[in-house]
Amino acid sequence: MSAENPSFHMEKRAVRRAFEQAAAAYEASAVLQDQVGAQLIERLDLVKLEPQWILDVGSGTGLQSRRLNRRYPKARLLALDLASNMLQQARRRKGWRQRQHFCQGDAESLPLATATIDLLYANMSIQWCNDLDQVLREFARVLRPGGLLMFSTLGPDTLKELRQAFAVVDERPHVSHFIDMHDIGDALVRQGYEMPVLDVEHYQLTYATVDGLLRDLRNIGATNAAAGRTRGLLTPRRLQVLRQAYEGLRADGRLPATYEVVYGHAWSSGPRALPRADGSVAIPLTQLRRRP
């Protein structure tokens, strides 16, 4: 998710293109995404839920979709991703008995009917959206009342070392700015979710070289898609400046790369009525109840 600075606004076309190109190599490189996704599914042990329909937003190659299907074998699962190549990989890898469906779409404008999903799972995907409130509003719209939202996303300390090193190269955005956990909690409350729970964990990966870090980011599609980014590849001179700046952070012979991961879940109270241009509010008939 981008910061208020318009330079950090995500260009969805660039995001889609990066994930299209990363699809074939994604699972081999997405070690942290896999670990976080598995932990997010383990947290379902804490809730009682028998979903009929599961939506996996930002499903990628379907690794977590397959895990969710094994956990809830009677459920139907819809894997949704911005990149069609990711969905092709997911379709090839799914178990032949797993009840999965596939849909290309954007989390900020879900191509789904209202109140149709029992469990919405979003692992490390909503940080690629520009409007957190819009995303959560869409999630609330497609969730049935009493449905569960489970998600993980990245916090502002993510790749802080890379951001610090790039600041020596130039003043343009090279690393996305991510939203703080408390602001995510406020957005959940604004969109009418019930009993939101959030917590943060920090992970640190290490690399022999900065080139290895950049290669891993490229292999998982996590390239710079900010509107204010420098276009084109890094020149050899700028890359050398980046390497030298990052070297100052080397510890115990390795270069650190920090990830701040926000975990959250909340229950849906159903889609909220939004004001019209004239100030009136439209309430769906399905939300009206007779007085006893």
# chains A, B, ... in the order shown; residues from 1 in each chain; ligands from 1
>>> residues_around(residues="range 57-59 of chain A", least_positions_apart="4", cutoff="6 Å", atoms="only C-alpha atoms", output="list in words")
Ala79, Leu80, Asp81, Ala122 and Ser125 of chain A
>>> write_last_selection(atoms="N, CA and C atoms", output="mmCIF file, in the first residue's frame")
data_model
loop_
_atom_site.group_PDB
_atom_site.id
_atom_site.type_symbol
_atom_site.label_atom_id
_atom_site.label_comp_id
_atom_site.auth_asym_id
_atom_site.auth_seq_id
_atom_site.Cartn_x
_atom_site.Cartn_y
_atom_site.Cartn_z
ATOM 1 N N ALA A 79 -9.534 -19.066 -6.191
ATOM 2 C CA ALA A 79 -8.207 -18.449 -6.187
ATOM 3 C C ALA A 79 -8.250 -17.234 -7.107
ATOM 4 N N LEU A 80 -7.960 -16.066 -6.548
ATOM 5 C CA LEU A 80 -8.021 -14.820 -7.312
ATOM 6 C C LEU A 80 -6.655 -14.154 -7.310
ATOM 7 N N ASP A 81 -6.205 -13.751 -8.478
ATOM 8 C CA ASP A 81 -4.912 -13.082 -8.579
ATOM 9 C C ASP A 81 -4.949 -12.060 -9.703
ATOM 10 N N ALA A 122 -6.102 -13.588 2.732
ATOM 11 C CA ALA A 122 -5.265 -12.703 1.911
ATOM 12 C C ALA A 122 -3.862 -12.681 2.501
ATOM 13 N N SER A 125 -0.739 -9.849 0.226
ATOM 14 C CA SER A 125 -1.245 -9.355 -1.054
ATOM 15 C C SER A 125 -1.776 -7.922 -0.991
#
>>> select_by_dssp(residues="range 102-165 of chain A", states="strand (DSSP E or B)", output="short mmCIF file (atom, residue, chain, number, x, y, z; two decimals) with N, CA, C and O atoms, in the first residue's frame")
data_model
loop_
_atom_site.label_atom_id
_atom_site.label_comp_id
_atom_site.auth_asym_id
_atom_site.auth_seq_id
_atom_site.Cartn_x
_atom_site.Cartn_y
_atom_site.Cartn_z
N PHE A 102 -10.76 -20.51 -10.47
CA PHE A 102 -9.73 -19.51 -10.68
C PHE A 102 -10.32 -18.28 -11.35
O PHE A 102 -11.17 -18.38 -12.24
N CYS A 103 -9.84 -17.11 -10.89
CA CYS A 103 -10.39 -15.86 -11.39
C CYS A 103 -9.31 -14.79 -11.37
O CYS A 103 -8.66 -14.59 -10.33
N GLN A 104 -9.13 -14.10 -12.48
CA GLN A 104 -8.21 -12.98 -12.52
C GLN A 104 -8.96 -11.73 -12.09
O GLN A 104 -10.04 -11.43 -12.60
N ASP A 106 -8.77 -7.85 -9.32
CA ASP A 106 -8.09 -6.88 -8.48
C ASP A 106 -8.80 -6.82 -7.13
O ASP A 106 -10.03 -6.72 -7.07
N SER A 109 -11.38 -4.14 -6.52
CA SER A 109 -12.64 -4.20 -7.27
C SER A 109 -12.94 -5.67 -7.56
O SER A 109 -12.76 -6.14 -8.69
N ILE A 117 -19.02 -15.19 0.40
CA ILE A 117 -17.80 -15.83 0.88
C ILE A 117 -17.87 -16.00 2.40
O ILE A 117 -18.26 -15.09 3.13
N ASP A 118 -17.44 -17.18 2.86
CA ASP A 118 -17.42 -17.46 4.31
C ASP A 118 -16.06 -17.17 4.94
O ASP A 118 -15.98 -16.77 6.10
N LEU A 119 -14.99 -17.42 4.20
CA LEU A 119 -13.64 -17.18 4.68
C LEU A 119 -12.85 -16.48 3.58
O LEU A 119 -12.73 -17.02 2.48
N LEU A 120 -12.35 -15.29 3.88
CA LEU A 120 -11.52 -14.56 2.93
C LEU A 120 -10.10 -14.55 3.49
O LEU A 120 -9.84 -14.04 4.58
N TYR A 121 -9.19 -15.13 2.71
CA TYR A 121 -7.80 -15.30 3.11
C TYR A 121 -6.94 -14.46 2.17
O TYR A 121 -7.03 -14.59 0.95
N ALA A 122 -6.10 -13.59 2.73
CA ALA A 122 -5.26 -12.70 1.91
C ALA A 122 -3.86 -12.68 2.50
O ALA A 122 -3.60 -11.95 3.46
N ASN A 123 -2.99 -13.48 1.94
CA ASN A 123 -1.62 -13.59 2.45
C ASN A 123 -0.68 -12.73 1.63
O ASN A 123 -0.47 -12.97 0.44
N LEU A 143 -17.96 -10.80 1.81
CA LEU A 143 -18.10 -11.71 2.94
C LEU A 143 -19.55 -11.77 3.40
O LEU A 143 -20.26 -10.76 3.44
N ARG A 144 -19.98 -12.97 3.76
CA ARG A 144 -21.29 -13.10 4.39
C ARG A 144 -21.22 -12.52 5.80
O ARG A 144 -20.17 -12.54 6.43
N PRO A 145 -22.33 -11.99 6.33
CA PRO A 145 -22.33 -11.57 7.73
C PRO A 145 -21.88 -12.72 8.63
O PRO A 145 -22.37 -13.83 8.52
N GLY A 146 -20.90 -12.45 9.47
CA GLY A 146 -20.33 -13.52 10.30
C GLY A 146 -19.17 -14.23 9.64
O GLY A 146 -18.56 -15.12 10.23
N GLY A 147 -18.84 -13.83 8.39
CA GLY A 147 -17.69 -14.41 7.71
C GLY A 147 -16.39 -13.89 8.30
O GLY A 147 -16.35 -12.85 8.97
N LEU A 148 -15.30 -14.61 8.02
CA LEU A 148 -14.01 -14.30 8.65
C LEU A 148 -13.01 -13.80 7.61
O LEU A 148 -12.84 -14.40 6.54
N LEU A 149 -12.34 -12.69 7.94
CA LEU A 149 -11.22 -12.19 7.17
C LEU A 149 -9.93 -12.55 7.89
O LEU A 149 -9.74 -12.22 9.06
N MET A 150 -9.03 -13.25 7.18
CA MET A 150 -7.70 -13.57 7.69
C MET A 150 -6.69 -12.98 6.71
O MET A 150 -6.76 -13.25 5.51
N PHE A 151 -5.74 -12.20 7.21
CA PHE A 151 -4.80 -11.57 6.29
C PHE A 151 -3.43 -11.38 6.94
O PHE A 151 -3.28 -11.37 8.17
N SER A 152 -2.44 -11.23 6.09
CA SER A 152 -1.12 -10.76 6.49
C SER A 152 -0.69 -9.71 5.48
O SER A 152 -1.09 -9.75 4.31
N THR A 153 0.11 -8.77 5.93
CA THR A 153 0.62 -7.74 5.03
C THR A 153 1.93 -7.23 5.60
O THR A 153 2.36 -7.65 6.68
N LEU A 154 2.58 -6.34 4.88
CA LEU A 154 3.88 -5.84 5.29
C LEU A 154 3.76 -4.50 6.00
O LEU A 154 2.97 -3.64 5.61
#
>>> residues_around(residues="Lys160 in chain A", least_positions_apart="5", cutoff="9 Å", atoms="only C-alpha atoms", output="PyMOL selection string")
chain A and resi 165+175+257-259
>>> residues_around(residues="Val168 in chain A", least_positions_apart="3", cutoff="12 Å", atoms="only C-alpha atoms", output="list in words")
Glu161, Leu162, Arg163, Gln164, Ala165, Glu171, Arg172, Pro173, His174, Arg238, Leu239, Gln240, Val241, Leu242, Arg243, Gln244, Ala245, Tyr246 and Gly248 of chain A
>>> write_last_selection(atoms="N, CA, C and O atoms", output="PDB file, in the first residue's frame")
ATOM      1  N   GLU A 161      16.668  -1.702   5.368  1.00  0.00           N
ATOM      2  CA  GLU A 161      18.078  -1.609   4.992  1.00  0.00           C
ATOM      3  C   GLU A 161      18.232  -1.241   3.516  1.00  0.00           C
ATOM      4  O   GLU A 161      19.082  -0.419   3.154  1.00  0.00           O
ATOM      5  N   LEU A 162      17.402  -1.846   2.672  1.00  0.00           N
ATOM      6  CA  LEU A 162      17.458  -1.539   1.245  1.00  0.00           C
ATOM      7  C   LEU A 162      17.022  -0.101   0.993  1.00  0.00           C
ATOM      8  O   LEU A 162      17.610   0.602   0.154  1.00  0.00           O
ATOM      9  N   ARG A 163      16.019   0.351   1.713  1.00  0.00           N
ATOM     10  CA  ARG A 163      15.562   1.741   1.568  1.00  0.00           C
ATOM     11  C   ARG A 163      16.677   2.709   1.978  1.00  0.00           C
ATOM     12  O   ARG A 163      16.917   3.729   1.316  1.00  0.00           O
ATOM     13  N   GLN A 164      17.369   2.381   3.072  1.00  0.00           N
ATOM     14  CA  GLN A 164      18.462   3.228   3.554  1.00  0.00           C
ATOM     15  C   GLN A 164      19.601   3.285   2.541  1.00  0.00           C
ATOM     16  O   GLN A 164      20.161   4.353   2.270  1.00  0.00           O
ATOM     17  N   ALA A 165      19.932   2.144   1.952  1.00  0.00           N
ATOM     18  CA  ALA A 165      21.015   2.113   0.972  1.00  0.00           C
ATOM     19  C   ALA A 165      20.639   2.864  -0.302  1.00  0.00           C
ATOM     20  O   ALA A 165      21.471   3.577  -0.881  1.00  0.00           O
ATOM     21  N   GLU A 171      17.021  10.288  -4.581  1.00  0.00           N
ATOM     22  CA  GLU A 171      15.870  10.578  -3.715  1.00  0.00           C
ATOM     23  C   GLU A 171      14.573   9.988  -4.258  1.00  0.00           C
ATOM     24  O   GLU A 171      13.501  10.248  -3.702  1.00  0.00           O
ATOM     25  N   ARG A 172      14.637   9.207  -5.327  1.00  0.00           N
ATOM     26  CA  ARG A 172      13.433   8.622  -5.907  1.00  0.00           C
ATOM     27  C   ARG A 172      13.004   7.404  -5.089  1.00  0.00           C
ATOM     28  O   ARG A 172      13.827   6.747  -4.430  1.00  0.00           O
ATOM     29  N   PRO A 173      11.698   7.041  -5.112  1.00  0.00           N
ATOM     30  CA  PRO A 173      11.246   5.850  -4.372  1.00  0.00           C
ATOM     31  C   PRO A 173      11.712   4.563  -5.049  1.00  0.00           C
ATOM     32  O   PRO A 173      11.509   4.377  -6.249  1.00  0.00           O
ATOM     33  N   HIS A 174      12.358   3.708  -4.279  1.00  0.00           N
ATOM     34  CA  HIS A 174      12.798   2.403  -4.780  1.00  0.00           C
ATOM     35  C   HIS A 174      12.174   1.262  -3.988  1.00  0.00           C
ATOM     36  O   HIS A 174      12.141   0.133  -4.461  1.00  0.00           O
ATOM     37  N   ARG A 238      25.284   3.343 -10.608  1.00  0.00           N
ATOM     38  CA  ARG A 238      24.313   3.453  -9.520  1.00  0.00           C
ATOM     39  C   ARG A 238      24.234   2.151  -8.738  1.00  0.00           C
ATOM     40  O   ARG A 238      24.055   2.159  -7.514  1.00  0.00           O
ATOM     41  N   LEU A 239      24.354   1.035  -9.440  1.00  0.00           N
ATOM     42  CA  LEU A 239      24.356  -0.249  -8.751  1.00  0.00           C
ATOM     43  C   LEU A 239      25.564  -0.374  -7.834  1.00  0.00           C
ATOM     44  O   LEU A 239      25.464  -0.906  -6.720  1.00  0.00           O
ATOM     45  N   GLN A 240      26.706   0.120  -8.270  1.00  0.00           N
ATOM     46  CA  GLN A 240      27.904   0.069  -7.441  1.00  0.00           C
ATOM     47  C   GLN A 240      27.751   0.942  -6.200  1.00  0.00           C
ATOM     48  O   GLN A 240      28.186   0.575  -5.100  1.00  0.00           O
ATOM     49  N   VAL A 241      27.110   2.116  -6.357  1.00  0.00           N
ATOM     50  CA  VAL A 241      26.837   2.978  -5.200  1.00  0.00           C
ATOM     51  C   VAL A 241      25.932   2.254  -4.212  1.00  0.00           C
ATOM     52  O   VAL A 241      26.147   2.305  -2.990  1.00  0.00           O
ATOM     53  N   LEU A 242      24.922   1.553  -4.731  1.00  0.00           N
ATOM     54  CA  LEU A 242      24.006   0.796  -3.866  1.00  0.00           C
ATOM     55  C   LEU A 242      24.764  -0.288  -3.117  1.00  0.00           C
ATOM     56  O   LEU A 242      24.574  -0.474  -1.906  1.00  0.00           O
ATOM     57  N   ARG A 243      25.605  -1.027  -3.813  1.00  0.00           N
ATOM     58  CA  ARG A 243      26.377  -2.091  -3.169  1.00  0.00           C
ATOM     59  C   ARG A 243      27.238  -1.541  -2.040  1.00  0.00           C
ATOM     60  O   ARG A 243      27.284  -2.105  -0.940  1.00  0.00           O
ATOM     61  N   GLN A 244      27.908  -0.437  -2.307  1.00  0.00           N
ATOM     62  CA  GLN A 244      28.793   0.142  -1.296  1.00  0.00           C
ATOM     63  C   GLN A 244      28.001   0.628  -0.081  1.00  0.00           C
ATOM     64  O   GLN A 244      28.441   0.459   1.067  1.00  0.00           O
ATOM     65  N   ALA A 245      26.841   1.226  -0.323  1.00  0.00           N
ATOM     66  CA  ALA A 245      26.023   1.707   0.787  1.00  0.00           C
ATOM     67  C   ALA A 245      25.507   0.557   1.641  1.00  0.00           C
ATOM     68  O   ALA A 245      25.482   0.639   2.876  1.00  0.00           O
ATOM     69  N   TYR A 246      25.100  -0.522   0.983  1.00  0.00           N
ATOM     70  CA  TYR A 246      24.566  -1.677   1.725  1.00  0.00           C
ATOM     71  C   TYR A 246      25.677  -2.385   2.503  1.00  0.00           C
ATOM     72  O   TYR A 246      25.439  -2.962   3.568  1.00  0.00           O
ATOM     73  N   GLY A 248      27.887  -1.236   4.307  1.00  0.00           N
ATOM     74  CA  GLY A 248      28.024  -0.680   5.646  1.00  0.00           C
ATOM     75  C   GLY A 248      27.094  -1.317   6.663  1.00  0.00           C
ATOM     76  O   GLY A 248      27.257  -1.098   7.874  1.00  0.00           O
TER      77      GLY A 248
END
>>> residues_around(residues="Val36 in chain A", least_positions_apart="5", cutoff="9 Å", atoms="only C-alpha atoms", output="PyMOL selection string")
chain A and resi 31+41+123-124+152+261+263
>>> closest_residue(among="A:Leu159, A:Leu82, A:Leu132, A:Leu46", to="Arg13 in chain A", atoms="only C-alpha atoms")
A:Leu82
>>> select_by_dssp(residues="range 157-268 of chain A", states="alpha helix (DSSP H)", output="ChimeraX atom specification")
/A:160-169,181-190,210-219,236-247
>>> closest_residue(among="A:Gln21, A:Ala107, A:Tyr72, A:Val47", to="Gln89 in chain A", atoms="only C-alpha atoms")
A:Gln21
>>> residues_around(residues="Ala75 in chain A", least_positions_apart="3", cutoff="7 Å", atoms="only C-alpha atoms", output="list in words")
Pro51, Gln52, Trp53, Ile54, Asn69 and Tyr72 of chain A
>>> atom_distance(atom1="CA of Gly264 in chain A", atom2="CA of Val197 in chain A")
5.5 Å
>>> residues_around(residues="Arg250 in chain A", least_positions_apart="5", cutoff="10 Å", atoms="only C-alpha atoms", output="list in words")
Thr206, Tyr207, Ala208, Thr209, Ala245, Leu255 and Pro256 of chain A
>>> write_last_selection(atoms="N, CA, C and O atoms", output="mmCIF file, in the first residue's frame")
data_model
loop_
_atom_site.group_PDB
_atom_site.id
_atom_site.type_symbol
_atom_site.label_atom_id
_atom_site.label_comp_id
_atom_site.auth_asym_id
_atom_site.auth_seq_id
_atom_site.Cartn_x
_atom_site.Cartn_y
_atom_site.Cartn_z
ATOM 1 N N THR A 206 19.032 -13.075 5.380
ATOM 2 C CA THR A 206 20.385 -12.581 5.155
ATOM 3 C C THR A 206 20.884 -13.049 3.793
ATOM 4 O O THR A 206 20.477 -14.102 3.291
ATOM 5 N N TYR A 207 21.773 -12.252 3.218
ATOM 6 C CA TYR A 207 22.289 -12.503 1.875
ATOM 7 C C TYR A 207 23.795 -12.286 1.850
ATOM 8 O O TYR A 207 24.343 -11.466 2.608
ATOM 9 N N ALA A 208 24.441 -12.990 0.945
ATOM 10 C CA ALA A 208 25.875 -12.786 0.747
ATOM 11 C C ALA A 208 26.147 -11.472 0.039
ATOM 12 O O ALA A 208 27.139 -10.793 0.315
ATOM 13 N N THR A 209 25.248 -11.101 -0.888
ATOM 14 C CA THR A 209 25.426 -9.874 -1.672
ATOM 15 C C THR A 209 24.079 -9.185 -1.846
ATOM 16 O O THR A 209 23.014 -9.818 -1.757
ATOM 17 N N ALA A 245 26.841 1.226 -0.323
ATOM 18 C CA ALA A 245 26.023 1.707 0.787
ATOM 19 C C ALA A 245 25.507 0.557 1.641
ATOM 20 O O ALA A 245 25.482 0.639 2.876
ATOM 21 N N LEU A 255 24.494 -9.742 4.722
ATOM 22 C CA LEU A 255 23.707 -8.522 4.598
ATOM 23 C C LEU A 255 22.273 -8.793 5.056
ATOM 24 O O LEU A 255 21.627 -9.714 4.552
ATOM 25 N N PRO A 256 21.756 -8.007 6.009
ATOM 26 C CA PRO A 256 20.409 -8.252 6.538
ATOM 27 C C PRO A 256 19.319 -7.653 5.664
ATOM 28 O O PRO A 256 19.519 -6.625 5.007
#
>>> atom_distance(atom1="CA of Ser29 in chain A", atom2="CA of Leu44 in chain A")
25.4 Å
>>> closest_residue(among="A:Ala14, A:Ala24, A:Met181, A:Gly95", to="Asn219 in chain A", atoms="only C-alpha atoms")
A:Ala24
>>> closest_residue(among="A:Asp186, A:Pro236, A:Gln64, A:Leu49", to="Gln35 in chain A", atoms="only C-alpha atoms")
A:Gln64
>>> closest_residue(among="A:Arg92, A:Arg218, A:His9, A:Arg137", to="Leu63 in chain A", atoms="only C-alpha atoms")
A:Arg92
>>> atom_distance(atom1="CA of Leu40 in chain A", atom2="CA of Asp199 in chain A")
11.6 Å
